[in-house]
file protein25.cif (mmCIF, C-alpha atoms)
data_coords
#
loop_
_atom_site.group_PDB
_atom_site.id
_atom_site.type_symbol
_atom_site.label_atom_id
_atom_site.label_comp_id
_atom_site.auth_asym_id
_atom_site.auth_seq_id
_atom_site.Cartn_x
_atom_site.Cartn_y
_atom_site.Cartn_z
ATOM 1 C CA MET A 322 22.014 -12.270 -21.062
ATOM 2 C CA ALA A 323 19.844 -10.410 -18.601
ATOM 3 C CA LEU A 324 17.018 -8.208 -19.761
ATOM 4 C CA SER A 325 15.406 -5.815 -17.364
ATOM 5 C CA ALA A 326 12.529 -3.419 -17.551
ATOM 6 C CA ILE A 327 12.857 0.164 -16.373
ATOM 7 C CA ASP A 328 9.917 1.928 -14.743
ATOM 8 C CA SER A 329 9.170 5.271 -16.368
ATOM 9 C CA SER A 330 6.054 7.116 -15.222
ATOM 10 C CA SER A 331 3.038 4.936 -16.049
ATOM 11 C CA HIS A 332 4.778 2.310 -18.171
ATOM 12 C CA ARG A 333 7.791 0.041 -18.272
ATOM 13 C CA ILE A 334 10.572 0.247 -20.801
ATOM 14 C CA LEU A 335 12.416 -2.898 -21.844
ATOM 15 C CA GLU A 336 15.773 -2.191 -23.449
ATOM 16 C CA LEU A 337 16.339 -4.743 -26.187
ATOM 17 C CA PRO A 338 19.879 -6.132 -26.560
ATOM 18 C CA THR A 339 22.209 -5.567 -29.510
ATOM 19 C CA ALA A 340 21.705 -9.085 -30.861
ATOM 20 C CA LEU A 341 18.188 -10.484 -31.000
ATOM 21 C CA ASP A 342 19.319 -13.900 -32.173
ATOM 22 C CA LEU A 343 18.654 -17.520 -31.197
ATOM 23 C CA ASN A 344 20.538 -17.120 -27.899
ATOM 24 C CA ALA A 345 18.407 -14.113 -26.960
ATOM 25 C CA ALA A 346 15.025 -15.731 -27.710
ATOM 26 C CA GLY A 347 14.644 -17.627 -24.413
ATOM 27 C CA PRO A 348 15.615 -14.745 -22.127
ATOM 28 C CA LEU A 349 13.470 -12.357 -24.181
ATOM 29 C CA ALA A 350 10.433 -14.638 -23.881
ATOM 30 C CA ASP A 351 10.988 -15.062 -20.124
ATOM 31 C CA THR A 352 11.284 -11.319 -19.567
ATOM 32 C CA LEU A 353 8.206 -10.555 -21.646
ATOM 33 C CA LEU A 354 6.177 -13.161 -19.743
ATOM 34 C CA LYS A 355 7.088 -11.462 -16.458
ATOM 35 C CA HIS A 356 5.481 -8.270 -17.761
ATOM 36 C CA SER A 357 2.492 -9.782 -19.526
ATOM 37 C CA GLY A 358 -0.587 -7.599 -19.221
ATOM 38 C CA GLU A 359 1.418 -4.466 -18.401
ATOM 39 C CA ASP A 360 1.799 -1.541 -20.765
ATOM 40 C CA LEU A 361 5.322 -2.026 -22.111
ATOM 41 C CA ILE A 362 7.633 -0.108 -24.416
ATOM 42 C CA LEU A 363 10.390 -2.020 -26.182
ATOM 43 C CA ASP A 364 13.409 0.214 -26.725
ATOM 44 C CA GLY A 365 15.076 -0.890 -29.961
ATOM 45 C CA SER A 366 17.824 1.749 -29.915
ATOM 46 C CA LYS A 367 20.655 -0.785 -29.526
ATOM 47 C CA VAL A 368 19.482 -3.601 -31.814
ATOM 48 C CA GLN A 369 21.929 -4.472 -34.591
ATOM 49 C CA ARG A 370 20.642 -7.947 -35.475
ATOM 50 C CA LEU A 371 17.190 -9.546 -35.486
ATOM 51 C CA GLY A 372 16.787 -13.235 -36.132
ATOM 52 C CA ALA A 373 13.680 -15.271 -36.833
ATOM 53 C CA SER A 374 13.548 -16.779 -33.326
ATOM 54 C CA CYS A 375 13.281 -13.403 -31.614
ATOM 55 C CA LEU A 376 10.895 -12.181 -34.275
ATOM 56 C CA GLN A 377 8.651 -15.120 -33.390
ATOM 57 C CA VAL A 378 8.848 -14.167 -29.692
ATOM 58 C CA LEU A 379 7.989 -10.542 -30.505
ATOM 59 C CA LEU A 380 5.062 -11.546 -32.724
ATOM 60 C CA ALA A 381 3.690 -13.817 -29.997
ATOM 61 C CA ALA A 382 4.065 -10.987 -27.478
ATOM 62 C CA ALA A 383 2.248 -8.565 -29.770
ATOM 63 C CA ARG A 384 -0.683 -10.972 -30.069
ATOM 64 C CA THR A 385 -0.725 -11.652 -26.331
ATOM 65 C CA TRP A 386 -0.674 -7.959 -25.444
ATOM 66 C CA ALA A 387 -3.424 -7.222 -27.978
ATOM 67 C CA SER A 388 -5.629 -10.002 -26.602
ATOM 68 C CA GLU A 389 -5.115 -8.688 -23.055
ATOM 69 C CA GLY A 390 -5.862 -5.103 -24.054
ATOM 70 C CA ALA A 391 -2.441 -3.883 -22.934
ATOM 71 C CA ALA A 392 -0.165 -1.575 -24.920
ATOM 72 C CA LEU A 393 3.039 -2.928 -26.436
ATOM 73 C CA SER A 394 5.095 -0.510 -28.479
ATOM 74 C CA LEU A 395 8.479 -0.415 -30.140
ATOM 75 C CA ASP A 396 10.342 2.865 -29.742
ATOM 76 C CA ASN A 397 13.567 4.019 -31.335
ATOM 77 C CA PRO A 398 14.138 1.050 -33.652
ATOM 78 C CA THR A 399 17.558 1.263 -35.262
ATOM 79 C CA PRO A 400 17.710 1.397 -39.047
ATOM 80 C CA ARG A 401 19.176 -2.119 -38.898
ATOM 81 C CA LEU A 402 16.207 -3.402 -36.877
ATOM 82 C CA VAL A 403 13.784 -1.821 -39.345
ATOM 83 C CA GLU A 404 15.720 -3.374 -42.249
ATOM 84 C CA ASP A 405 15.845 -6.831 -40.607
ATOM 85 C CA LEU A 406 12.089 -6.668 -40.037
ATOM 86 C CA ARG A 407 11.612 -5.759 -43.696
ATOM 87 C CA LEU A 408 13.860 -8.619 -44.828
ATOM 88 C CA LEU A 409 11.787 -11.005 -42.714
ATOM 89 C CA GLY A 410 8.607 -9.703 -44.346
ATOM 90 C CA PHE A 411 7.360 -7.326 -41.655
ATOM 91 C CA ASP A 412 7.093 -3.656 -40.909
ATOM 92 C CA ALA A 413 7.484 -2.516 -37.303
ATOM 93 C CA SER A 414 4.057 -0.882 -37.399
ATOM 94 C CA THR A 415 2.514 -4.182 -38.514
ATOM 95 C CA PHE A 416 2.557 -5.581 -35.015
ATOM 96 C CA PHE A 417 3.551 -2.778 -32.652
ATOM 97 C CA ASP A 418 1.812 0.434 -31.690
ATOM 98 C CA GLY A 419 3.848 3.567 -32.077
ATOM 99 C CA ALA A 420 6.973 2.260 -33.820
ATOM 100 C CA THR A 421 9.050 5.277 -34.625
ATOM 101 C CA PRO A 422 12.483 4.872 -36.226
ATOM 102 C CA GLN A 423 15.529 6.646 -34.796
#

call {"tool": "encode", "arguments": {"input": "protein25.cif", "output": "structure tokens"}}
result
Amino acid sequence: MALSAIDSSSHRILELPTALDLNAAGPLADTLLKHSGEDLILDGSKVQRLGASCLQVLLAAARTWASEGAALSLDNPTPRLVEDLRLLGFDASTFFDGATPQ
């Protein structure tokens, strides 16, 4: 699975895949590391499954971005992504700036 960031004006947008499961955790972490320190928007408009491994990667990214003073936001989370976050004990706004559901 290849993840790529799209340049859009002054920030990058990373389109998250449909399945954020164990198989997606490594590629997600690698892609996020490539953009560490940059203002980044995660586009959650396609996500239909979030597992604990990718949640851990996203939480680590949120802490890293916060410590570096960079912006990391989640835009367009699907209702399923919002529900999976809730089931795992989180709210999108807990660790991302600007999370707005679709």

call {"tool": "atom_distance", "arguments": {"input": "protein25.cif", "atom1": "atom CA of Asp342 of chain A", "atom2": "atom CA of Trp386 of chain A"}}
result
21.9 Å

call {"tool": "resolve_selection", "arguments": {"input": "protein25.cif", "expression": "the PyMOL selection byres ((chain A and resi 353-356) around 10)", "output": "PyMOL selection string"}}
result
chain A and resi 324-326+333+335+347-352+357-361+363+378-379+382+385-386

call {"tool": "residues_around", "arguments": {"input": "protein25.cif", "residues": "Ser374 of chain A", "least_positions_apart": "3", "cutoff": "9 Å", "atoms": "only C-alpha atoms", "output": "list of chain:residue names"}}
result
A:Leu341, A:Asp342, A:Leu343, A:Asn344, A:Ala345, A:Ala346, A:Leu371, A:Gln377, A:Val378, A:Leu379

call {"tool": "residues_near_point", "arguments": {"input": "protein25.cif", "point": "(2.0, -3.5, -27.2)", "cutoff": "8 Å", "atoms": "all atoms listed in the file", "output": "list in words"}}
result
Asp360, Leu361, Ile362, Ala382, Ala383, Trp386, Ala387, Ala391, Ala392, Leu393, Ser394, Leu395, Phe417 and Asp418 of chain A

call {"tool": "closest_residue", "arguments": {"input": "protein25.cif", "among": "A:Ser388, A:Asn397, A:Ala373, A:Gly365", "to": "Leu409 of chain A", "atoms": "all atoms listed in the file"}}
result
A:Ala373

call {"tool": "atom_distance", "arguments": {"input": "protein25.cif", "atom1": "atom CA of Arg370 of chain A", "atom2": "atom CA of Asp396 of chain A"}}
result
16.0 Å

call {"tool": "atom_distance", "arguments": {"input": "protein25.cif", "atom1": "atom CA of Thr339 of chain A", "atom2": "atom CA of Arg384 of chain A"}}
result
23.5 Å

call {"tool": "closest_residue", "arguments": {"input": "protein25.cif", "among": "A:Arg401, A:Arg407, A:Gly390, A:Ala381", "to": "Val368 of chain A", "atoms": "all atoms listed in the file"}}
result
A:Arg401

call {"tool": "build_atoms", "arguments": {"input": "protein25.cif", "residues": "segment 336-353 of chain A", "atoms": "N, CA and C atoms", "output": "short mmCIF file (atom, residue, chain, number, x, y, z; two decimals), in the coordinates of the input"}}
result
data_model
loop_
_atom_site.label_atom_id
_atom_site.label_comp_id
_atom_site.auth_asym_id
_atom_site.auth_seq_id
_atom_site.Cartn_x
_atom_site.Cartn_y
_atom_site.Cartn_z
N GLU A 336 14.70 -2.47 -22.51
CA GLU A 336 15.77 -2.19 -23.45
C GLU A 336 16.18 -3.50 -24.13
N LEU A 337 15.98 -3.55 -25.44
CA LEU A 337 16.34 -4.74 -26.19
C LEU A 337 17.85 -4.80 -26.39
N PRO A 338 18.43 -6.00 -26.41
CA PRO A 338 19.88 -6.13 -26.56
C PRO A 338 20.33 -5.88 -28.00
N THR A 339 21.62 -5.79 -28.19
CA THR A 339 22.21 -5.57 -29.51
C THR A 339 21.87 -6.69 -30.47
N ALA A 340 21.96 -7.92 -30.00
CA ALA A 340 21.70 -9.09 -30.86
C ALA A 340 20.44 -9.80 -30.41
N LEU A 341 19.42 -9.73 -31.24
CA LEU A 341 18.19 -10.48 -31.00
C LEU A 341 18.27 -11.73 -31.87
N ASP A 342 19.08 -12.68 -31.42
CA ASP A 342 19.32 -13.90 -32.17
C ASP A 342 18.79 -15.10 -31.40
N LEU A 343 19.14 -16.30 -31.83
CA LEU A 343 18.65 -17.52 -31.20
C LEU A 343 18.96 -17.54 -29.70
N ASN A 344 20.15 -17.11 -29.31
CA ASN A 344 20.54 -17.12 -27.90
C ASN A 344 19.72 -16.15 -27.07
N ALA A 345 19.19 -15.12 -27.68
CA ALA A 345 18.41 -14.11 -26.96
C ALA A 345 16.93 -14.48 -26.85
N ALA A 346 16.46 -15.43 -27.65
CA ALA A 346 15.02 -15.73 -27.71
C ALA A 346 14.46 -16.21 -26.37
N GLY A 347 15.13 -17.12 -25.70
CA GLY A 347 14.64 -17.63 -24.41
C GLY A 347 14.57 -16.55 -23.35
N PRO A 348 15.67 -15.82 -23.11
CA PRO A 348 15.62 -14.74 -22.13
C PRO A 348 14.59 -13.66 -22.48
N LEU A 349 14.46 -13.35 -23.76
CA LEU A 349 13.47 -12.36 -24.18
C LEU A 349 12.06 -12.84 -23.85
N ALA A 350 11.76 -14.08 -24.18
CA ALA A 350 10.43 -14.64 -23.88
C ALA A 350 10.16 -14.63 -22.38
N ASP A 351 11.15 -15.04 -21.58
CA ASP A 351 10.99 -15.06 -20.12
C ASP A 351 10.71 -13.67 -19.57
N THR A 352 11.46 -12.69 -20.05
CA THR A 352 11.28 -11.32 -19.57
C THR A 352 9.92 -10.77 -19.97
N LEU A 353 9.52 -11.03 -21.20
CA LEU A 353 8.21 -10.56 -21.65
C LEU A 353 7.09 -11.19 -20.83
#
